[in-house]
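Colleague: Below you'll find run-v4.cif; it's mmCIF, C-alpha atoms.
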```cif
data_input
#
loop_
_atom_site.label_atom_id
_atom_site.label_comp_id
_atom_site.auth_asym_id
_atom_site.auth_seq_id
_atom_site.Cartn_x
_atom_site.Cartn_y
_atom_site.Cartn_z
CA MET A 1 -94.37 -141.65 114.67
CA ILE A 2 -93.59 -145.04 113.13
CA LYS A 3 -95.20 -147.91 115.05
CA ILE A 4 -92.86 -150.88 115.54
CA THR A 5 -93.75 -154.21 117.14
CA LEU A 6 -91.07 -156.70 118.16
CA LEU A 7 -92.40 -160.23 118.66
CA ILE A 8 -90.16 -162.80 120.37
CA SER A 9 -91.50 -166.09 121.72
CA GLU A 10 -89.35 -166.55 124.82
CA ILE A 11 -88.62 -163.94 127.46
CA ASN A 12 -85.59 -166.01 128.53
CA HIS A 13 -84.10 -166.04 125.04
CA PRO A 14 -80.64 -164.39 125.15
CA ILE A 15 -81.64 -161.76 122.59
CA PHE A 16 -84.47 -160.45 124.78
CA PRO A 17 -82.25 -158.01 126.77
CA PHE A 18 -80.85 -156.69 123.47
CA LEU A 19 -84.37 -155.92 122.29
CA GLU A 20 -85.23 -154.27 125.60
CA ASN A 21 -82.18 -152.01 125.29
CA TRP A 22 -83.00 -151.17 121.68
CA LYS A 23 -86.53 -150.24 122.69
CA LYS A 24 -85.23 -147.90 125.40
CA GLU A 25 -82.74 -146.29 123.01
CA LYS A 26 -85.29 -145.73 120.24
CA GLU A 27 -88.49 -144.97 122.14
CA ASN A 28 -88.08 -141.25 121.49
CA ILE A 29 -88.01 -141.97 117.74
CA TYR A 30 -90.49 -144.83 117.30
CA ASP A 31 -93.61 -146.09 119.03
CA ILE A 32 -92.32 -149.54 120.05
CA SER A 33 -94.06 -152.59 121.52
CA LEU A 34 -92.08 -155.62 122.72
CA ILE A 35 -94.30 -158.68 123.11
CA THR A 36 -94.03 -162.46 123.45
CA ARG A 37 -97.40 -163.56 122.05
CA SER A 38 -99.13 -162.64 118.82
CA GLU A 39 -102.45 -162.48 120.68
CA ASP A 40 -101.09 -159.39 122.44
CA ILE A 41 -101.15 -157.47 119.16
CA THR A 42 -104.08 -155.15 119.62
CA GLN A 43 -103.62 -152.45 116.98
CA CYS A 44 -102.28 -151.81 113.51
CA GLY A 45 -98.70 -150.73 112.97
CA ASP A 46 -96.01 -150.06 110.42
CA ILE A 47 -93.56 -152.94 110.92
CA LEU A 48 -93.87 -156.22 112.81
CA PHE A 49 -90.46 -157.81 113.40
CA LEU A 50 -90.39 -161.53 114.15
CA VAL A 51 -87.26 -162.13 116.22
CA SER A 52 -86.61 -165.72 117.36
CA CYS A 53 -90.33 -166.21 116.99
CA SER A 54 -91.58 -169.81 117.02
CA GLU A 55 -95.17 -168.88 116.18
CA ILE A 56 -96.46 -169.15 112.63
CA ILE A 57 -97.89 -165.67 112.07
CA GLN A 58 -100.88 -165.93 109.78
CA GLU A 59 -102.14 -163.46 107.21
CA ASP A 60 -104.81 -161.95 109.45
CA ILE A 61 -102.12 -160.67 111.82
CA ARG A 62 -99.67 -159.73 109.07
CA ALA A 63 -102.44 -157.66 107.45
CA LEU A 64 -102.41 -155.34 110.46
CA PHE A 65 -98.95 -154.06 109.44
CA HIS A 66 -97.47 -152.48 106.35
CA HIS A 67 -94.60 -154.96 106.64
CA THR A 68 -94.01 -158.15 108.62
CA LEU A 69 -90.31 -159.01 108.62
CA VAL A 70 -88.35 -162.01 109.82
CA LEU A 71 -84.74 -162.09 110.99
CA HIS A 72 -83.21 -165.40 109.95
CA ALA A 73 -79.58 -166.43 110.50
CA SER A 74 -78.76 -168.01 107.15
CA ASP A 75 -77.89 -167.07 103.59
CA LEU A 76 -81.39 -167.66 102.25
CA PRO A 77 -82.67 -169.60 100.44
CA LYS A 78 -80.00 -171.90 101.92
CA GLY A 79 -80.55 -172.83 105.54
CA ARG A 80 -84.28 -172.41 105.90
CA GLY A 81 -85.71 -173.91 109.06
CA TRP A 82 -84.33 -174.13 112.56
CA SER A 83 -81.10 -172.92 114.23
CA PRO A 84 -79.21 -172.36 110.96
CA ALA A 85 -76.33 -170.44 112.56
CA VAL A 86 -75.74 -173.27 115.03
CA TRP A 87 -75.62 -175.82 112.22
CA ASP A 88 -73.18 -173.60 110.29
CA VAL A 89 -70.79 -173.34 113.25
CA LEU A 90 -71.01 -177.08 113.83
CA GLU A 91 -69.97 -177.59 110.21
CA GLY A 92 -66.94 -175.32 110.66
CA GLU A 93 -68.16 -172.26 108.76
CA ASP A 94 -66.09 -169.11 109.33
CA LYS A 95 -68.85 -166.78 108.13
CA LEU A 96 -72.46 -166.45 109.20
CA THR A 97 -75.12 -164.65 107.18
CA LEU A 98 -78.17 -162.94 108.61
CA SER A 99 -81.15 -162.35 106.30
CA LEU A 100 -84.02 -159.89 106.69
CA LEU A 101 -87.04 -161.14 104.77
CA GLU A 102 -90.77 -160.71 104.41
CA ALA A 103 -92.91 -163.14 106.40
CA ARG A 104 -94.75 -165.51 104.10
CA ASN A 105 -96.14 -169.04 104.01
CA PRO A 106 -94.37 -171.44 103.81
CA VAL A 107 -91.97 -170.02 106.39
CA ASP A 108 -88.61 -168.56 105.31
CA THR A 109 -89.70 -168.21 101.68
CA GLY A 110 -90.45 -164.50 101.56
CA ASP A 111 -88.59 -161.88 99.54
CA VAL A 112 -85.28 -160.82 101.07
CA TRP A 113 -84.74 -157.18 102.02
CA LYS A 114 -81.12 -157.25 103.09
CA LYS A 115 -78.31 -159.55 104.25
CA ILE A 116 -75.37 -159.02 106.61
CA SER A 117 -72.31 -161.28 106.83
CA ILE A 118 -70.49 -161.95 110.09
CA SER A 119 -66.92 -163.27 110.17
CA LEU A 120 -65.79 -165.81 112.78
CA ASN A 121 -62.23 -166.73 113.75
CA GLY A 122 -63.17 -170.10 115.24
CA SER A 123 -62.57 -169.21 118.88
CA GLU A 124 -65.89 -167.52 119.67
CA LEU A 125 -68.05 -169.21 122.28
CA PHE A 126 -71.84 -169.20 122.59
CA GLU A 127 -72.20 -165.74 124.15
CA GLU A 128 -69.73 -164.17 121.72
CA ILE A 129 -71.44 -165.69 118.68
CA ASN A 130 -74.77 -164.45 119.99
CA ASP A 131 -73.42 -160.95 120.57
CA LEU A 132 -72.28 -160.78 116.94
CA LEU A 133 -75.61 -162.11 115.65
CA PHE A 134 -77.75 -159.93 117.89
CA GLU A 135 -75.88 -156.74 117.04
CA ALA A 136 -76.34 -157.59 113.36
CA GLU A 137 -80.06 -158.17 113.93
CA LEU A 138 -80.42 -154.75 115.54
CA GLU A 139 -78.52 -153.26 112.62
CA LEU A 140 -81.03 -154.82 110.22
CA ILE A 141 -83.94 -153.59 112.32
CA ASP A 142 -82.53 -150.06 112.21
CA TRP A 143 -82.00 -150.35 108.45
CA ALA A 144 -85.53 -151.59 107.85
CA CYS A 145 -87.06 -148.74 109.85
CA LEU A 146 -85.13 -146.20 107.79
CA ASN A 147 -85.57 -147.83 104.36
CA GLN A 148 -89.04 -149.40 104.44
CA ASP A 149 -90.34 -147.06 101.75
CA SER A 150 -87.46 -147.48 99.31
CA VAL A 151 -86.38 -151.12 99.67
CA ARG A 152 -86.39 -153.39 96.61
CA PRO A 153 -86.79 -156.96 97.89
CA GLU A 154 -85.21 -159.90 96.06
CA VAL A 155 -87.18 -163.05 95.28
CA GLN A 156 -85.60 -166.25 96.60
CA VAL A 157 -84.48 -168.80 94.02
CA GLU A 158 -86.16 -172.07 94.96
CA THR A 159 -83.60 -174.27 93.21
CA ASP A 160 -80.96 -173.10 95.71
CA SER A 161 -83.02 -173.81 98.82
CA SER A 162 -82.09 -176.14 101.68
CA TYR A 163 -83.58 -176.82 105.10
CA ARG A 164 -82.29 -177.32 108.64
CA ARG A 165 -84.03 -179.54 111.18
CA LYS A 166 -84.98 -178.38 114.65
CA ARG A 167 -82.35 -179.05 117.30
CA ASN A 168 -83.30 -180.57 120.64
CA PRO A 169 -81.53 -180.95 124.01
CA GLU A 170 -80.06 -184.32 123.01
CA ASP A 171 -78.07 -182.56 120.28
CA SER A 172 -75.86 -181.17 123.08
CA LEU A 173 -74.60 -184.67 123.97
CA LEU A 174 -70.82 -185.11 123.98
CA ASP A 175 -69.11 -188.42 123.28
CA ILE A 176 -66.53 -189.00 126.04
CA HIS A 177 -64.68 -191.41 123.76
CA ASN A 178 -63.96 -188.65 121.23
CA SER A 179 -61.47 -185.82 121.67
CA LEU A 180 -62.41 -182.37 122.90
CA ASP A 181 -60.86 -180.94 119.75
CA SER A 182 -63.21 -182.93 117.52
CA GLN A 183 -66.20 -181.67 119.54
CA PHE A 184 -65.03 -178.12 120.12
CA ASN A 185 -67.58 -176.58 117.75
CA LEU A 186 -70.36 -178.37 119.62
CA LEU A 187 -69.07 -176.93 122.90
CA ARG A 188 -69.04 -173.48 121.28
CA VAL A 189 -72.71 -173.47 120.34
CA CYS A 190 -74.36 -175.13 123.35
CA ASP A 191 -76.49 -172.70 125.34
CA PRO A 192 -75.01 -173.06 128.86
CA ASN A 193 -78.32 -172.11 130.49
CA ARG A 194 -81.04 -173.64 128.34
CA TYR A 195 -79.29 -176.46 126.43
CA PRO A 196 -75.90 -177.11 128.11
CA ALA A 197 -73.39 -179.59 126.75
CA PHE A 198 -73.50 -182.85 128.68
CA PHE A 199 -72.23 -186.44 128.75
CA TYR A 200 -73.02 -189.74 130.41
CA ARG A 201 -70.59 -191.81 132.45
CA ASP A 202 -71.40 -194.88 134.53
CA GLY A 203 -75.09 -194.16 134.23
CA LYS A 204 -74.82 -190.60 135.51
CA LYS A 205 -75.38 -187.42 133.53
CA TYR A 206 -72.93 -184.50 133.74
CA LYS A 207 -73.14 -181.06 132.17
CA ILE A 208 -70.22 -178.95 130.95
CA ARG A 209 -69.82 -175.21 130.70
CA ILE A 210 -66.92 -173.88 128.67
CA GLU A 211 -65.37 -170.47 129.31
CA LYS A 212 -62.28 -168.73 128.02
CA TYR A 213 -59.39 -168.46 130.46
CA GLU A 214 -58.38 -164.83 130.47
CA GLN A 215 -54.64 -164.42 131.12
#
```
Would you mind giving the structure from this file in structure tokens?
Modeller:
Amino acid sequence: MIKITLLISEINHPIFPFLENWKKEKENIYDISLITRSEDITQCGDILFLVSCSEIIQEDIRALFHHTLVLHASDLPKGRGWSPAVWDVLEGEDKLTLSLLEARNPVDTGDVWKKISISLNGSELFEEINDLLFEAELELIDWACLNQDSVRPEVQVETDSSYRRKRNPEDSLLDIHNSLDSQFNLLRVCDPNRYPAFFYRDGKKYKIRIEKYEQ
């Protein structure tokens, strides 16, 4: 039975329940471990998937697996770095790309196994965008498990590379002097639980949660 390890850094990350469900659905096919720390890796395996993993996984751990693969939400080599899908939505992109690549140092530079494109209509909010991305990630995980012995990875072209900086809570700040329309994309991508949109008025801080009004 193929041994799969899923490593995600935060148990409260919104993709965690998706991974739990995938594990339950596939546990009769694969031997699956779902962990949040690399130090919990105790045995060799076939594939280590790094999903929303903030750790830098070094060669000694990668050597325990036939393949160590990263799921990264950009059209690599463009958009290396942090939160690329969020930056793309903020810039008004109507298509997101998810890349499956080999883990390598420096990060996000490994050979690419496969890409999936996701279309947006501009109305999707945080949870909806995540649902599309997470379903695509599971699709890539399934594909990798089935094709690990026949895949032909593509080398990234360094001249086309670009990098995204890490976002922080202050990036969710709204300007009350600007229109909602001009800041709608920011409202779309703010995590309502971990990094909610907020604004200041008269020295007080307020947070905003946006939801669709179902008629």
Colleague: So that I can check the surroundings of Phe49 in chain A, please list as a list of chain:residue names every protein, DNA and RNA residue that reaches within 9 Å of it, counting all atoms listed in the file and ignoring chain neighbours fewer than 4 positions away.
Modeller: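 Close residues of Phe49 in chain A: A:Ile4, A:Thr5, A:Leu6, A:Leu7, A:Ile8, A:His67, A:Thr68, A:Leu69, A:Val70, A:Leu71, A:Ile141.
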Colleague: Leaving out range 80-83 of chain A and any residue of its chain fewer than 6 positions from it, which residues lie within 6 Å of it when counting only C-alpha atoms, given as a PyMOL selection string?
Modeller: chain A and resi 108+163-166
Colleague: Near Glu25 in chain A, within 12 Å and counting all atoms listed in the file, which residues show up once chain neighbours fewer than 6 positions away are dropped, as number ranges by chain?
Modeller: A: 18-19, 31-32, 138, 142
Colleague: So how far away is CA of Ile11 in chain A from CA of Ala144 in chain A, in Å?
Modeller: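 CA of Ile11 in chain A lies 23.4 Å from CA of Ala144 in chain A.
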Colleague: Taking the file above as input, evaluate the PyMOL selection byres ((chain A and resi 146-159) around 8) and report the hits as a VMD selection string.
Modeller: chain A and resid 76 to 77 109 to 114 142 to 145 160 to 161
Colleague: When you count all atoms listed in the file, which of these residues is closest to Ser123 in chain A: A:Cys53, A:Val189, A:Cys44, A:Leu101?
Modeller: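 Nearest candidate to Ser123 in chain A out of A:Cys53, A:Val189, A:Cys44, A:Leu101: A:Val189.
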Colleague: Hey, what's within 8 Å of Leu174 in chain A if we count all atoms listed in the file and toss same-chain stuff fewer than 2 positions away? As a list in words, please?
Modeller: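 Using all atoms listed in the file, the neighbours found are Ser172, Ile176, Gln183, Ala197, Phe198 and Phe199 of chain A.
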Colleague: List the residues matched by the PyMOL selection byres ((chain A and resi 39) around 12) in the displayed structure as a PyMOL selection string, ordered by chain and then by residue number.
Modeller: chain A and resi 7+9+35-38+40-43+55+57-58+60-61
Colleague: Could you tell me how far CA of Cys190 in chain A sits from CA of Glu127 in chain A, in Å to one decimal place?
Modeller: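 Here the two named atoms are 9.7 Å from each other.
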Colleague: Could you check the closest approach to Asn105 in chain A for each of A:Val51, A:Leu186, A:Leu173, A:Glu59 and tell me which residue wins, using only C-alpha atoms?
Modeller: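 Counting only C-alpha atoms, the residue closest to Asn105 in chain A is A:Glu59.
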Colleague: Tell me, in Å to one decimal, how far CA of Asn168 in chain A is from CA of Pro84 in chain A.
Modeller: 13.3 Å
Colleague: Which residue gives the smallest distance to Ser99 in chain A among A:Ser119, A:Ser162, A:Asn130, A:Ser74, with only C-alpha atoms counted?
Modeller: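 Among the listed residues, the smallest separation from Ser99 in chain A belongs to A:Ser74.
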Colleague: Please report, as lines of an AutoDock Vina configuration file, the centre and edge lengths in Å to one decimal of an axis-aligned box covering all listed atoms of range 171-179 of chain A with 6 Å per side.
Modeller:
```
center_x = -69.8
center_y = -186.3
center_z = 123.2
size_x = 28.6
size_y = 22.2
size_z = 17.8
```
